[in-house]
file upload15.txt (compact mmCIF, N, CA and C atoms)
# COMPACT_ATOMS: atom_id res chain seq x y z
N MET M 59 10.47 34.25 -4.16
CA MET M 59 10.00 33.15 -4.99
C MET M 59 10.20 31.83 -4.23
N PRO M 60 9.23 30.94 -4.31
CA PRO M 60 9.35 29.66 -3.61
C PRO M 60 10.40 28.76 -4.28
N THR M 61 10.98 27.90 -3.49
CA THR M 61 11.96 26.94 -3.99
C THR M 61 11.37 25.53 -3.90
N ILE M 62 11.97 24.61 -4.63
CA ILE M 62 11.53 23.22 -4.54
C ILE M 62 11.67 22.74 -3.09
N SER M 63 12.73 23.16 -2.41
CA SER M 63 12.92 22.79 -1.00
C SER M 63 11.73 23.22 -0.14
N ASP M 64 11.19 24.40 -0.43
CA ASP M 64 10.04 24.90 0.34
C ASP M 64 8.83 23.98 0.21
N THR M 65 8.73 23.26 -0.90
CA THR M 65 7.54 22.45 -1.17
C THR M 65 7.70 20.98 -0.79
N TYR M 66 8.92 20.59 -0.41
CA TYR M 66 9.18 19.18 -0.10
C TYR M 66 8.52 18.80 1.23
N LEU M 67 7.68 17.77 1.18
CA LEU M 67 6.99 17.27 2.37
C LEU M 67 7.07 15.75 2.39
N GLU M 68 7.04 15.20 3.59
CA GLU M 68 7.00 13.75 3.76
C GLU M 68 6.04 13.45 4.90
N ASN M 69 5.20 12.43 4.71
CA ASN M 69 4.25 12.06 5.75
C ASN M 69 4.13 10.55 5.79
N ARG M 70 3.66 10.04 6.93
CA ARG M 70 3.50 8.60 7.14
C ARG M 70 2.08 8.29 7.59
N TRP M 71 1.59 7.14 7.14
CA TRP M 71 0.31 6.59 7.59
C TRP M 71 0.52 5.12 7.88
N ARG M 72 0.01 4.65 8.99
CA ARG M 72 0.06 3.22 9.31
C ARG M 72 -1.16 2.59 8.67
N VAL M 73 -0.97 1.51 7.92
CA VAL M 73 -2.07 0.83 7.23
C VAL M 73 -2.86 0.02 8.26
N GLN M 74 -4.07 0.46 8.49
CA GLN M 74 -4.98 -0.19 9.43
C GLN M 74 -5.95 -1.09 8.66
N PRO M 75 -6.62 -2.01 9.35
CA PRO M 75 -7.58 -2.89 8.66
C PRO M 75 -8.65 -2.12 7.87
N ASN M 76 -9.07 -0.94 8.36
CA ASN M 76 -10.09 -0.19 7.63
C ASN M 76 -9.53 0.46 6.35
N HIS M 77 -8.21 0.45 6.16
CA HIS M 77 -7.60 0.95 4.92
C HIS M 77 -7.40 -0.17 3.90
N ALA M 78 -7.63 -1.41 4.30
CA ALA M 78 -7.25 -2.56 3.48
C ALA M 78 -8.38 -3.03 2.57
N ASN M 79 -7.95 -3.67 1.49
CA ASN M 79 -8.89 -4.34 0.59
C ASN M 79 -9.04 -5.79 1.04
N ASN M 80 -9.73 -6.59 0.25
CA ASN M 80 -9.97 -7.98 0.64
C ASN M 80 -8.72 -8.86 0.53
N TYR M 81 -7.60 -8.31 0.10
CA TYR M 81 -6.34 -9.05 0.03
C TYR M 81 -5.44 -8.73 1.22
N GLY M 82 -5.91 -7.88 2.14
CA GLY M 82 -5.13 -7.54 3.31
C GLY M 82 -4.02 -6.52 3.04
N THR M 83 -4.17 -5.80 1.93
CA THR M 83 -3.20 -4.75 1.59
C THR M 83 -3.95 -3.43 1.45
N VAL M 84 -3.21 -2.33 1.53
CA VAL M 84 -3.86 -1.03 1.47
C VAL M 84 -4.62 -0.87 0.15
N HIS M 85 -5.80 -0.33 0.25
CA HIS M 85 -6.62 -0.06 -0.93
C HIS M 85 -5.97 1.10 -1.70
N GLY M 86 -5.84 0.94 -3.02
CA GLY M 86 -5.21 1.97 -3.84
C GLY M 86 -5.87 3.32 -3.71
N GLY M 87 -7.17 3.34 -3.45
CA GLY M 87 -7.88 4.61 -3.27
C GLY M 87 -7.39 5.37 -2.05
N ASN M 88 -6.98 4.65 -1.01
CA ASN M 88 -6.44 5.33 0.18
C ASN M 88 -5.09 5.96 -0.14
N VAL M 89 -4.24 5.24 -0.87
CA VAL M 89 -2.94 5.79 -1.26
C VAL M 89 -3.15 7.03 -2.12
N MET M 90 -4.10 6.95 -3.05
CA MET M 90 -4.39 8.10 -3.92
C MET M 90 -4.88 9.30 -3.09
N LYS M 91 -5.74 9.05 -2.13
CA LYS M 91 -6.26 10.12 -1.27
C LYS M 91 -5.11 10.77 -0.49
N TRP M 92 -4.23 9.94 0.10
CA TRP M 92 -3.12 10.48 0.88
C TRP M 92 -2.17 11.28 -0.01
N MET M 93 -1.96 10.79 -1.23
CA MET M 93 -1.11 11.53 -2.18
C MET M 93 -1.75 12.86 -2.54
N ASP M 94 -3.05 12.85 -2.77
CA ASP M 94 -3.76 14.08 -3.13
C ASP M 94 -3.66 15.12 -2.00
N GLU M 95 -3.85 14.68 -0.77
CA GLU M 95 -3.79 15.60 0.36
C GLU M 95 -2.39 16.19 0.53
N LEU M 96 -1.36 15.35 0.50
CA LEU M 96 0.00 15.84 0.69
C LEU M 96 0.45 16.67 -0.52
N GLY M 97 0.06 16.21 -1.73
CA GLY M 97 0.40 16.95 -2.94
C GLY M 97 -0.20 18.35 -2.94
N ALA M 98 -1.42 18.48 -2.45
CA ALA M 98 -2.05 19.80 -2.37
C ALA M 98 -1.28 20.72 -1.43
N MET M 99 -0.75 20.15 -0.34
CA MET M 99 0.03 20.98 0.58
C MET M 99 1.33 21.46 -0.08
N SER M 100 1.98 20.60 -0.86
CA SER M 100 3.18 21.02 -1.60
C SER M 100 2.82 22.11 -2.60
N ALA M 101 1.71 21.92 -3.30
CA ALA M 101 1.28 22.91 -4.30
C ALA M 101 0.98 24.25 -3.64
N MET M 102 0.34 24.21 -2.48
CA MET M 102 0.02 25.47 -1.77
C MET M 102 1.28 26.20 -1.33
N ARG M 103 2.31 25.45 -0.96
CA ARG M 103 3.57 26.10 -0.60
C ARG M 103 4.22 26.75 -1.82
N ALA M 104 4.05 26.13 -2.99
CA ALA M 104 4.60 26.71 -4.22
C ALA M 104 3.82 27.94 -4.65
N ALA M 105 2.49 27.86 -4.54
CA ALA M 105 1.61 28.91 -5.05
C ALA M 105 1.36 30.02 -4.03
N ASN M 106 1.50 29.69 -2.75
CA ASN M 106 1.13 30.61 -1.68
C ASN M 106 -0.36 30.98 -1.77
N GLU M 107 -1.13 30.04 -2.27
CA GLU M 107 -2.58 30.19 -2.44
C GLU M 107 -3.22 28.82 -2.19
N PRO M 108 -4.52 28.77 -1.91
CA PRO M 108 -5.21 27.48 -1.88
C PRO M 108 -5.10 26.83 -3.26
N CYS M 109 -5.05 25.52 -3.29
CA CYS M 109 -4.95 24.80 -4.57
C CYS M 109 -5.96 23.67 -4.63
N ALA M 110 -6.47 23.43 -5.82
CA ALA M 110 -7.40 22.35 -6.08
C ALA M 110 -6.79 21.39 -7.09
N THR M 111 -7.12 20.12 -6.96
CA THR M 111 -6.61 19.11 -7.89
C THR M 111 -7.21 19.34 -9.26
N ALA M 112 -6.35 19.44 -10.27
CA ALA M 112 -6.81 19.60 -11.65
C ALA M 112 -6.74 18.27 -12.38
N SER M 113 -5.66 17.52 -12.16
CA SER M 113 -5.54 16.22 -12.83
C SER M 113 -4.53 15.33 -12.12
N ILE M 114 -4.71 14.06 -12.33
CA ILE M 114 -3.72 13.07 -11.94
C ILE M 114 -3.19 12.56 -13.26
N ASP M 115 -2.00 13.03 -13.62
CA ASP M 115 -1.46 12.71 -14.95
C ASP M 115 -0.99 11.28 -15.06
N GLN M 116 -0.62 10.69 -13.95
CA GLN M 116 -0.08 9.34 -13.97
C GLN M 116 -0.07 8.80 -12.56
N MET M 117 -0.36 7.51 -12.41
CA MET M 117 -0.22 6.84 -11.12
C MET M 117 0.11 5.38 -11.39
N SER M 118 1.22 4.93 -10.83
CA SER M 118 1.65 3.54 -11.03
C SER M 118 1.82 2.85 -9.69
N PHE M 119 1.12 1.73 -9.53
CA PHE M 119 1.24 0.90 -8.33
C PHE M 119 2.16 -0.26 -8.68
N HIS M 120 3.31 -0.35 -8.01
CA HIS M 120 4.31 -1.37 -8.34
C HIS M 120 4.25 -2.58 -7.42
N ARG M 121 3.87 -2.37 -6.16
CA ARG M 121 3.77 -3.49 -5.23
C ARG M 121 2.81 -3.12 -4.10
N PRO M 122 2.24 -4.13 -3.46
CA PRO M 122 1.25 -3.87 -2.39
C PRO M 122 1.92 -3.47 -1.08
N ILE M 123 1.09 -2.90 -0.19
CA ILE M 123 1.53 -2.54 1.15
C ILE M 123 0.59 -3.24 2.13
N PRO M 124 1.10 -4.22 2.87
CA PRO M 124 0.23 -4.98 3.77
C PRO M 124 -0.23 -4.20 4.99
N THR M 125 -1.35 -4.63 5.56
CA THR M 125 -1.84 -4.09 6.81
C THR M 125 -0.74 -4.21 7.86
N GLY M 126 -0.59 -3.16 8.66
CA GLY M 126 0.43 -3.15 9.70
C GLY M 126 1.71 -2.45 9.28
N GLU M 127 1.95 -2.33 7.97
CA GLU M 127 3.12 -1.61 7.49
C GLU M 127 2.80 -0.12 7.47
N THR M 128 3.80 0.69 7.21
CA THR M 128 3.65 2.13 7.15
C THR M 128 3.80 2.58 5.70
N VAL M 129 2.95 3.50 5.28
CA VAL M 129 3.07 4.13 3.97
C VAL M 129 3.77 5.47 4.18
N ILE M 130 4.87 5.67 3.46
CA ILE M 130 5.57 6.96 3.50
C ILE M 130 5.36 7.60 2.15
N ILE M 131 4.91 8.85 2.14
CA ILE M 131 4.73 9.57 0.88
C ILE M 131 5.61 10.81 0.91
N GLU M 132 6.38 10.98 -0.17
CA GLU M 132 7.19 12.16 -0.39
C GLU M 132 6.54 12.97 -1.50
N SER M 133 6.49 14.27 -1.32
CA SER M 133 5.81 15.15 -2.26
C SER M 133 6.63 16.41 -2.46
N TYR M 134 6.71 16.89 -3.69
CA TYR M 134 7.34 18.18 -3.95
C TYR M 134 6.87 18.73 -5.29
N ALA M 135 6.76 20.05 -5.33
CA ALA M 135 6.44 20.73 -6.59
C ALA M 135 7.72 20.81 -7.41
N TYR M 136 7.60 20.57 -8.72
CA TYR M 136 8.80 20.61 -9.55
C TYR M 136 8.66 21.54 -10.76
N GLU M 137 7.44 22.04 -11.01
CA GLU M 137 7.25 22.95 -12.14
C GLU M 137 5.96 23.73 -11.95
N THR M 138 5.98 24.99 -12.37
CA THR M 138 4.76 25.79 -12.31
C THR M 138 4.43 26.31 -13.69
N GLY M 139 3.13 26.53 -13.90
CA GLY M 139 2.64 27.18 -15.11
C GLY M 139 2.07 28.54 -14.72
N ARG M 140 1.17 29.04 -15.53
CA ARG M 140 0.57 30.34 -15.22
C ARG M 140 -0.24 30.28 -13.93
N THR M 141 -1.10 29.25 -13.82
CA THR M 141 -1.92 29.07 -12.61
C THR M 141 -1.77 27.67 -12.01
N SER M 142 -0.93 26.85 -12.60
CA SER M 142 -0.83 25.45 -12.18
C SER M 142 0.51 25.13 -11.53
N VAL M 143 0.46 24.05 -10.75
CA VAL M 143 1.65 23.54 -10.07
C VAL M 143 1.70 22.03 -10.29
N LYS M 144 2.80 21.55 -10.86
CA LYS M 144 3.00 20.10 -11.02
C LYS M 144 3.73 19.58 -9.79
N VAL M 145 3.21 18.46 -9.26
CA VAL M 145 3.76 17.88 -8.04
C VAL M 145 4.10 16.41 -8.30
N ALA M 146 5.31 16.02 -7.93
CA ALA M 146 5.75 14.62 -8.00
C ALA M 146 5.51 13.98 -6.64
N LEU M 147 5.03 12.74 -6.67
CA LEU M 147 4.76 12.02 -5.42
C LEU M 147 5.31 10.60 -5.52
N ASP M 148 5.95 10.16 -4.45
CA ASP M 148 6.47 8.81 -4.37
C ASP M 148 6.03 8.20 -3.05
N ALA M 149 5.56 6.97 -3.11
CA ALA M 149 5.17 6.25 -1.89
C ALA M 149 6.08 5.03 -1.73
N ALA M 150 6.29 4.67 -0.47
CA ALA M 150 7.08 3.48 -0.16
C ALA M 150 6.41 2.79 1.02
N ARG M 151 6.62 1.50 1.10
CA ARG M 151 6.20 0.77 2.29
C ARG M 151 7.39 0.75 3.23
N GLU M 152 7.09 0.88 4.52
CA GLU M 152 8.15 0.87 5.51
C GLU M 152 7.78 -0.08 6.63
N ASN M 153 8.72 -0.93 6.99
CA ASN M 153 8.53 -1.79 8.14
C ASN M 153 8.65 -0.92 9.38
N PRO M 154 7.60 -0.83 10.20
CA PRO M 154 7.63 0.08 11.34
C PRO M 154 8.65 -0.30 12.41
N ARG M 155 9.09 -1.56 12.43
CA ARG M 155 10.07 -1.98 13.42
C ARG M 155 11.50 -1.75 12.98
N THR M 156 11.78 -1.97 11.69
CA THR M 156 13.17 -1.89 11.21
C THR M 156 13.47 -0.62 10.43
N GLY M 157 12.42 0.03 9.91
CA GLY M 157 12.63 1.21 9.08
C GLY M 157 12.99 0.87 7.64
N GLU M 158 13.04 -0.41 7.31
CA GLU M 158 13.37 -0.83 5.94
C GLU M 158 12.27 -0.36 5.00
N ARG M 159 12.70 0.25 3.87
CA ARG M 159 11.75 0.81 2.89
C ARG M 159 11.84 0.10 1.55
N GLU M 160 10.70 0.11 0.85
CA GLU M 160 10.63 -0.42 -0.50
C GLU M 160 9.67 0.46 -1.30
N PRO M 161 10.11 1.03 -2.44
CA PRO M 161 9.21 1.86 -3.25
C PRO M 161 7.99 1.06 -3.72
N THR M 162 6.83 1.72 -3.71
CA THR M 162 5.60 1.03 -4.11
C THR M 162 4.80 1.76 -5.18
N THR M 163 4.77 3.08 -5.13
CA THR M 163 3.86 3.85 -5.98
C THR M 163 4.51 5.17 -6.35
N ASN M 164 4.28 5.61 -7.60
CA ASN M 164 4.68 6.97 -7.95
C ASN M 164 3.57 7.60 -8.76
N SER M 165 3.53 8.92 -8.69
CA SER M 165 2.45 9.64 -9.34
C SER M 165 2.85 11.07 -9.64
N ARG M 166 2.03 11.69 -10.46
CA ARG M 166 2.21 13.10 -10.81
C ARG M 166 0.82 13.74 -10.82
N PHE M 167 0.66 14.77 -10.01
CA PHE M 167 -0.60 15.50 -9.92
C PHE M 167 -0.38 16.91 -10.43
N VAL M 168 -1.45 17.51 -10.94
CA VAL M 168 -1.42 18.92 -11.30
C VAL M 168 -2.51 19.61 -10.47
N PHE M 169 -2.11 20.69 -9.81
CA PHE M 169 -3.02 21.48 -8.99
C PHE M 169 -3.15 22.86 -9.60
N VAL M 170 -4.29 23.50 -9.36
CA VAL M 170 -4.51 24.87 -9.83
C VAL M 170 -4.71 25.75 -8.60
N ALA M 171 -3.99 26.87 -8.58
CA ALA M 171 -4.16 27.84 -7.50
C ALA M 171 -5.47 28.58 -7.71
N ILE M 172 -6.22 28.77 -6.62
CA ILE M 172 -7.53 29.41 -6.73
C ILE M 172 -7.68 30.51 -5.69
N ASP M 173 -8.56 31.47 -6.00
CA ASP M 173 -8.87 32.52 -5.03
C ASP M 173 -10.08 32.09 -4.19
N GLU M 174 -10.57 32.99 -3.36
CA GLU M 174 -11.68 32.64 -2.46
C GLU M 174 -12.97 32.32 -3.20
N ASP M 175 -13.08 32.73 -4.48
CA ASP M 175 -14.26 32.40 -5.27
C ASP M 175 -14.06 31.15 -6.12
N GLY M 176 -12.89 30.54 -6.03
CA GLY M 176 -12.61 29.33 -6.81
C GLY M 176 -12.08 29.61 -8.20
N ALA M 177 -11.77 30.85 -8.50
CA ALA M 177 -11.23 31.21 -9.83
C ALA M 177 -9.71 31.03 -9.81
N PRO M 178 -9.15 30.55 -10.93
CA PRO M 178 -7.69 30.38 -11.00
C PRO M 178 -6.94 31.70 -10.81
N VAL M 179 -5.81 31.63 -10.11
CA VAL M 179 -4.95 32.80 -9.90
C VAL M 179 -3.52 32.44 -10.28
N SER M 180 -2.74 33.44 -10.59
CA SER M 180 -1.34 33.26 -10.99
C SER M 180 -0.51 32.69 -9.86
N VAL M 181 0.52 31.92 -10.24
CA VAL M 181 1.47 31.39 -9.27
C VAL M 181 2.87 31.89 -9.62
N PRO M 182 3.73 32.04 -8.62
CA PRO M 182 5.09 32.48 -8.90
C PRO M 182 5.91 31.36 -9.53
N ASP M 183 7.02 31.73 -10.16
CA ASP M 183 7.95 30.74 -10.68
C ASP M 183 8.56 29.99 -9.51
N LEU M 184 8.93 28.75 -9.77
CA LEU M 184 9.56 27.90 -8.78
C LEU M 184 11.06 27.90 -9.04
N THR M 185 11.85 28.10 -8.01
CA THR M 185 13.30 28.13 -8.21
C THR M 185 13.95 26.87 -7.65
N VAL M 186 15.10 26.55 -8.23
CA VAL M 186 15.90 25.41 -7.80
C VAL M 186 17.06 25.99 -7.00
N ASP M 187 17.16 25.62 -5.72
CA ASP M 187 18.13 26.27 -4.85
C ASP M 187 19.29 25.38 -4.39
N SER M 188 19.32 24.12 -4.87
CA SER M 188 20.39 23.22 -4.42
C SER M 188 20.56 22.08 -5.42
N ASP M 189 21.65 21.35 -5.28
CA ASP M 189 21.86 20.17 -6.13
C ASP M 189 20.78 19.12 -5.89
N ARG M 190 20.38 18.96 -4.63
CA ARG M 190 19.32 17.99 -4.32
C ARG M 190 18.04 18.34 -5.05
N CYS M 191 17.68 19.63 -5.04
CA CYS M 191 16.46 20.06 -5.73
C CYS M 191 16.59 19.90 -7.23
N ARG M 192 17.76 20.14 -7.76
CA ARG M 192 17.99 19.94 -9.19
C ARG M 192 17.78 18.47 -9.55
N ARG M 193 18.28 17.56 -8.69
CA ARG M 193 18.09 16.12 -8.93
C ARG M 193 16.62 15.73 -8.84
N LEU M 194 15.91 16.26 -7.83
CA LEU M 194 14.47 15.96 -7.70
C LEU M 194 13.71 16.42 -8.93
N ARG M 195 13.99 17.65 -9.38
CA ARG M 195 13.30 18.19 -10.55
C ARG M 195 13.61 17.35 -11.79
N GLU M 196 14.88 17.02 -11.98
CA GLU M 196 15.26 16.21 -13.15
C GLU M 196 14.58 14.86 -13.13
N ARG M 197 14.52 14.22 -11.95
CA ARG M 197 13.85 12.92 -11.83
C ARG M 197 12.38 13.04 -12.23
N ALA M 198 11.71 14.08 -11.75
CA ALA M 198 10.29 14.28 -12.07
C ALA M 198 10.10 14.55 -13.56
N LEU M 199 10.95 15.39 -14.15
CA LEU M 199 10.83 15.70 -15.58
C LEU M 199 11.15 14.48 -16.43
N GLU M 200 12.10 13.67 -15.99
CA GLU M 200 12.44 12.45 -16.74
C GLU M 200 11.26 11.47 -16.72
N ARG M 201 10.63 11.31 -15.57
CA ARG M 201 9.45 10.45 -15.49
C ARG M 201 8.34 10.96 -16.40
N GLU M 202 8.17 12.29 -16.41
CA GLU M 202 7.14 12.89 -17.25
C GLU M 202 7.42 12.59 -18.72
N ARG M 203 8.66 12.72 -19.15
CA ARG M 203 9.03 12.41 -20.54
C ARG M 203 8.81 10.94 -20.85
N ASP M 204 9.17 10.06 -19.91
CA ASP M 204 9.02 8.62 -20.11
C ASP M 204 7.56 8.21 -20.26
N ASP M 205 6.66 8.95 -19.59
CA ASP M 205 5.23 8.62 -19.62
C ASP M 205 4.51 9.17 -20.85
N SER M 206 5.18 10.07 -21.59
CA SER M 206 4.47 10.65 -22.74
C SER M 206 4.74 9.92 -24.01

call {"tool": "encode", "arguments": {"input": "upload15.txt", "output": "structure tokens"}}
result
Amino acid sequence: MPTISDTYLENRWRVQPNHANNYGTVHGGNVMKWMDELGAMSAMRAANEPCATASIDQMSFHRPIPTGETVIIESYAYETGRTSVKVALDAARENPRTGEREPTTNSRFVFVAIDEDGAPVSVPDLTVDSDRCRRLRERALERERDDS
């Protein structure tokens, strides 16, 4: 059975001028795209199957990320259903010279595991294998409760 640790991923993107809006900060659509791509990879690790985006349950942009800064996205699956995988995602801006980080965006996506014909398939239960994973799962579930 997959663990939350198995699904934890982190990736970085440098905000280039072609990623920016007319305010010189990253366009929210780019952040959403990067979250969707990384979130799908976390979901696939949980499901051990290809996964498609079913919904974006919540997305909050708290502060902008200027051109030249780095976007760091953390992603992990925290709950599974019969065919679905819930993934928590957090983005931060990072100064590429100092490594200083500031949280900017958080979101929750739901993915569905699919077979080669695009039909939903069952996913295994997700296990919690450490205190860190327990904290990650609790944080995601608490955010989910706060948003409902």

call {"tool": "closest_residue", "arguments": {"input": "upload15.txt", "among": "M:Met90, M:Ile62, M:Ala78, M:Ala105", "to": "M:Ser180", "atoms": "all atoms listed in the file"}}
result
M:Ala105

call {"tool": "residues_around", "arguments": {"input": "upload15.txt", "residues": "stretch 111-124 of chain M", "least_positions_apart": "2", "cutoff": "6 Å", "atoms": "all atoms listed in the file", "output": "ChimeraX atom specification"}}
result
/M:73,82-84,109,126-127,151,161-170

call {"tool": "atom_distance", "arguments": {"input": "upload15.txt", "atom1": "atom CA of M:Ala98", "atom2": "atom N of M:Arg155"}}
result
28.3 Å

call {"tool": "select_by_dssp", "arguments": {"input": "upload15.txt", "residues": "chain M", "states": "strand (DSSP E or B)", "output": "PyMOL selection string"}}
result
chain M and resi 61+67-72+78+83-84+109-119+124+128-138+142-152+159-172+178+185

call {"tool": "atom_distance", "arguments": {"input": "upload15.txt", "atom1": "atom C of M:Ala135", "atom2": "atom C of M:Arg72"}}
result
25.9 Å

call {"tool": "axis_aligned_box", "arguments": {"input": "upload15.txt", "around": "stretch 68-74 of chain M", "padding_each_side": "5 Å", "output": "lines of an AutoDock Vina configuration file"}}
result
center_x = 0.5
center_y = 7.1
center_z = 6.5
size_x = 23.0
size_y = 26.3
size_z = 15.8

call {"tool": "closest_residue", "arguments": {"input": "upload15.txt", "among": "M:Ser188, M:Thr156, M:Thr141, M:Asn80", "to": "M:Thr125", "atoms": "only C-alpha atoms"}}
result
M:Asn80

call {"tool": "residues_around", "arguments": {"input": "upload15.txt", "residues": "M:Asp183", "least_positions_apart": "4", "cutoff": "8 Å", "atoms": "only C-alpha atoms", "output": "JSON, numbers by chain"}}
result
{"M": [59, 60, 137, 138, 139]}

call {"tool": "write_last_selection", "arguments": {"input": "upload15.txt", "atoms": "N, CA and C atoms", "output": "tab-separated table (two decimals), in the frame of the given file"}}
result
chain	number	residue	atom	x	y	z
M	59	MET	N	10.47	34.25	-4.16
M	59	MET	CA	10.00	33.15	-4.99
M	59	MET	C	10.20	31.83	-4.23
M	60	PRO	N	9.23	30.94	-4.31
M	60	PRO	CA	9.35	29.66	-3.61
M	60	PRO	C	10.40	28.76	-4.28
M	137	GLU	N	7.44	22.04	-11.01
M	137	GLU	CA	7.25	22.95	-12.14
M	137	GLU	C	5.96	23.73	-11.95
M	138	THR	N	5.98	24.99	-12.37
M	138	THR	CA	4.76	25.79	-12.31
M	138	THR	C	4.43	26.31	-13.69
M	139	GLY	N	3.13	26.53	-13.90
M	139	GLY	CA	2.64	27.18	-15.11
M	139	GLY	C	2.07	28.54	-14.72

call {"tool": "atom_distance", "arguments": {"input": "upload15.txt", "atom1": "atom CA of M:Asp205", "atom2": "atom N of M:Met102"}}
result
23.7 Å

call {"tool": "residues_around", "arguments": {"input": "upload15.txt", "residues": "M:Tyr136", "least_positions_apart": "5", "cutoff": "8 Å", "atoms": "all atoms listed in the file", "output": "ChimeraX atom specification"}}
result
/M:61-62,65,100,143-146,184-185,194-196,198-199

call {"tool": "select_by_dssp", "arguments": {"input": "upload15.txt", "residues": "stretch 60-206 of chain M", "states": "alpha helix (DSSP H)", "output": "compact mmCIF listing (two decimals) with N, CA and C atoms, in the frame of the given file"}}
result
# COMPACT_ATOMS: atom_id res chain seq x y z
N ILE M 62 11.97 24.61 -4.63
CA ILE M 62 11.53 23.22 -4.54
C ILE M 62 11.67 22.74 -3.09
N SER M 63 12.73 23.16 -2.41
CA SER M 63 12.92 22.79 -1.00
C SER M 63 11.73 23.22 -0.14
N ASP M 64 11.19 24.40 -0.43
CA ASP M 64 10.04 24.90 0.34
C ASP M 64 8.83 23.98 0.21
N THR M 65 8.73 23.26 -0.90
CA THR M 65 7.54 22.45 -1.17
C THR M 65 7.70 20.98 -0.79
N GLY M 86 -5.84 0.94 -3.02
CA GLY M 86 -5.21 1.97 -3.84
C GLY M 86 -5.87 3.32 -3.71
N GLY M 87 -7.17 3.34 -3.45
CA GLY M 87 -7.88 4.61 -3.27
C GLY M 87 -7.39 5.37 -2.05
N ASN M 88 -6.98 4.65 -1.01
CA ASN M 88 -6.44 5.33 0.18
C ASN M 88 -5.09 5.96 -0.14
N VAL M 89 -4.24 5.24 -0.87
CA VAL M 89 -2.94 5.79 -1.26
C VAL M 89 -3.15 7.03 -2.12
N MET M 90 -4.10 6.95 -3.05
CA MET M 90 -4.39 8.10 -3.92
C MET M 90 -4.88 9.30 -3.09
N LYS M 91 -5.74 9.05 -2.13
CA LYS M 91 -6.26 10.12 -1.27
C LYS M 91 -5.11 10.77 -0.49
N TRP M 92 -4.23 9.94 0.10
CA TRP M 92 -3.12 10.48 0.88
C TRP M 92 -2.17 11.28 -0.01
N MET M 93 -1.96 10.79 -1.23
CA MET M 93 -1.11 11.53 -2.18
C MET M 93 -1.75 12.86 -2.54
N ASP M 94 -3.05 12.85 -2.77
CA ASP M 94 -3.76 14.08 -3.13
C ASP M 94 -3.66 15.12 -2.00
N GLU M 95 -3.85 14.68 -0.77
CA GLU M 95 -3.79 15.60 0.36
C GLU M 95 -2.39 16.19 0.53
N LEU M 96 -1.36 15.35 0.50
CA LEU M 96 0.00 15.84 0.69
C LEU M 96 0.45 16.67 -0.52
N GLY M 97 0.06 16.21 -1.73
CA GLY M 97 0.40 16.95 -2.94
C GLY M 97 -0.20 18.35 -2.94
N ALA M 98 -1.42 18.48 -2.45
CA ALA M 98 -2.05 19.80 -2.37
C ALA M 98 -1.28 20.72 -1.43
N MET M 99 -0.75 20.15 -0.34
CA MET M 99 0.03 20.98 0.58
C MET M 99 1.33 21.46 -0.08
N SER M 100 1.98 20.60 -0.86
CA SER M 100 3.18 21.02 -1.60
C SER M 100 2.82 22.11 -2.60
N ALA M 101 1.71 21.92 -3.30
CA ALA M 101 1.28 22.91 -4.30
C ALA M 101 0.98 24.25 -3.64
N MET M 102 0.34 24.21 -2.48
CA MET M 102 0.02 25.47 -1.77
C MET M 102 1.28 26.20 -1.33
N ARG M 103 2.31 25.45 -0.96
CA ARG M 103 3.57 26.10 -0.60
C ARG M 103 4.22 26.75 -1.82
N ALA M 104 4.05 26.13 -2.99
CA ALA M 104 4.60 26.71 -4.22
C ALA M 104 3.82 27.94 -4.65
N ALA M 105 2.49 27.86 -4.54
CA ALA M 105 1.61 28.91 -5.05
C ALA M 105 1.36 30.02 -4.03
N ASP M 189 21.65 21.35 -5.28
CA ASP M 189 21.86 20.17 -6.13
C ASP M 189 20.78 19.12 -5.89
N ARG M 190 20.38 18.96 -4.63
CA ARG M 190 19.32 17.99 -4.32
C ARG M 190 18.04 18.34 -5.05
N CYS M 191 17.68 19.63 -5.04
CA CYS M 191 16.46 20.06 -5.73
C CYS M 191 16.59 19.90 -7.23
N ARG M 192 17.76 20.14 -7.76
CA ARG M 192 17.99 19.94 -9.19
C ARG M 192 17.78 18.47 -9.55
N ARG M 193 18.28 17.56 -8.69
CA ARG M 193 18.09 16.12 -8.93
C ARG M 193 16.62 15.73 -8.84
N LEU M 194 15.91 16.26 -7.83
CA LEU M 194 14.47 15.96 -7.70
C LEU M 194 13.71 16.42 -8.93
N ARG M 195 13.99 17.65 -9.38
CA ARG M 195 13.30 18.19 -10.55
C ARG M 195 13.61 17.35 -11.79
N GLU M 196 14.88 17.02 -11.98
CA GLU M 196 15.26 16.21 -13.15
C GLU M 196 14.58 14.86 -13.13
N ARG M 197 14.52 14.22 -11.95
CA ARG M 197 13.85 12.92 -11.83
C ARG M 197 12.38 13.04 -12.23
N ALA M 198 11.71 14.08 -11.75
CA ALA M 198 10.29 14.28 -12.07
C ALA M 198 10.10 14.55 -13.56
N LEU M 199 10.95 15.39 -14.15
CA LEU M 199 10.83 15.70 -15.58
C LEU M 199 11.15 14.48 -16.43
N GLU M 200 12.10 13.67 -15.99
CA GLU M 200 12.44 12.45 -16.74
C GLU M 200 11.26 11.47 -16.72
N ARG M 201 10.63 11.31 -15.57
CA ARG M 201 9.45 10.45 -15.49
C ARG M 201 8.34 10.96 -16.40
N GLU M 202 8.17 12.29 -16.41
CA GLU M 202 7.14 12.89 -17.25
C GLU M 202 7.42 12.59 -18.72
N ARG M 203 8.66 12.72 -19.15
CA ARG M 203 9.03 12.41 -20.54
C ARG M 203 8.81 10.94 -20.85
N ASP M 204 9.17 10.06 -19.91
CA ASP M 204 9.02 8.62 -20.11
C ASP M 204 7.56 8.21 -20.26
N ASP M 205 6.66 8.95 -19.59
CA ASP M 205 5.23 8.62 -19.62
C ASP M 205 4.51 9.17 -20.85

call {"tool": "closest_residue", "arguments": {"input": "upload15.txt", "among": "M:Thr128, M:Ala110, M:Val89, M:Gly97", "to": "M:Ile172", "atoms": "only N, CA and C atoms"}}
result
M:Ala110

call {"tool": "closest_residue", "arguments": {"input": "upload15.txt", "among": "M:Arg192, M:Tyr66, M:Ile130, M:Asp148", "to": "M:Arg103", "atoms": "only N, CA and C atoms"}}
result
M:Tyr66
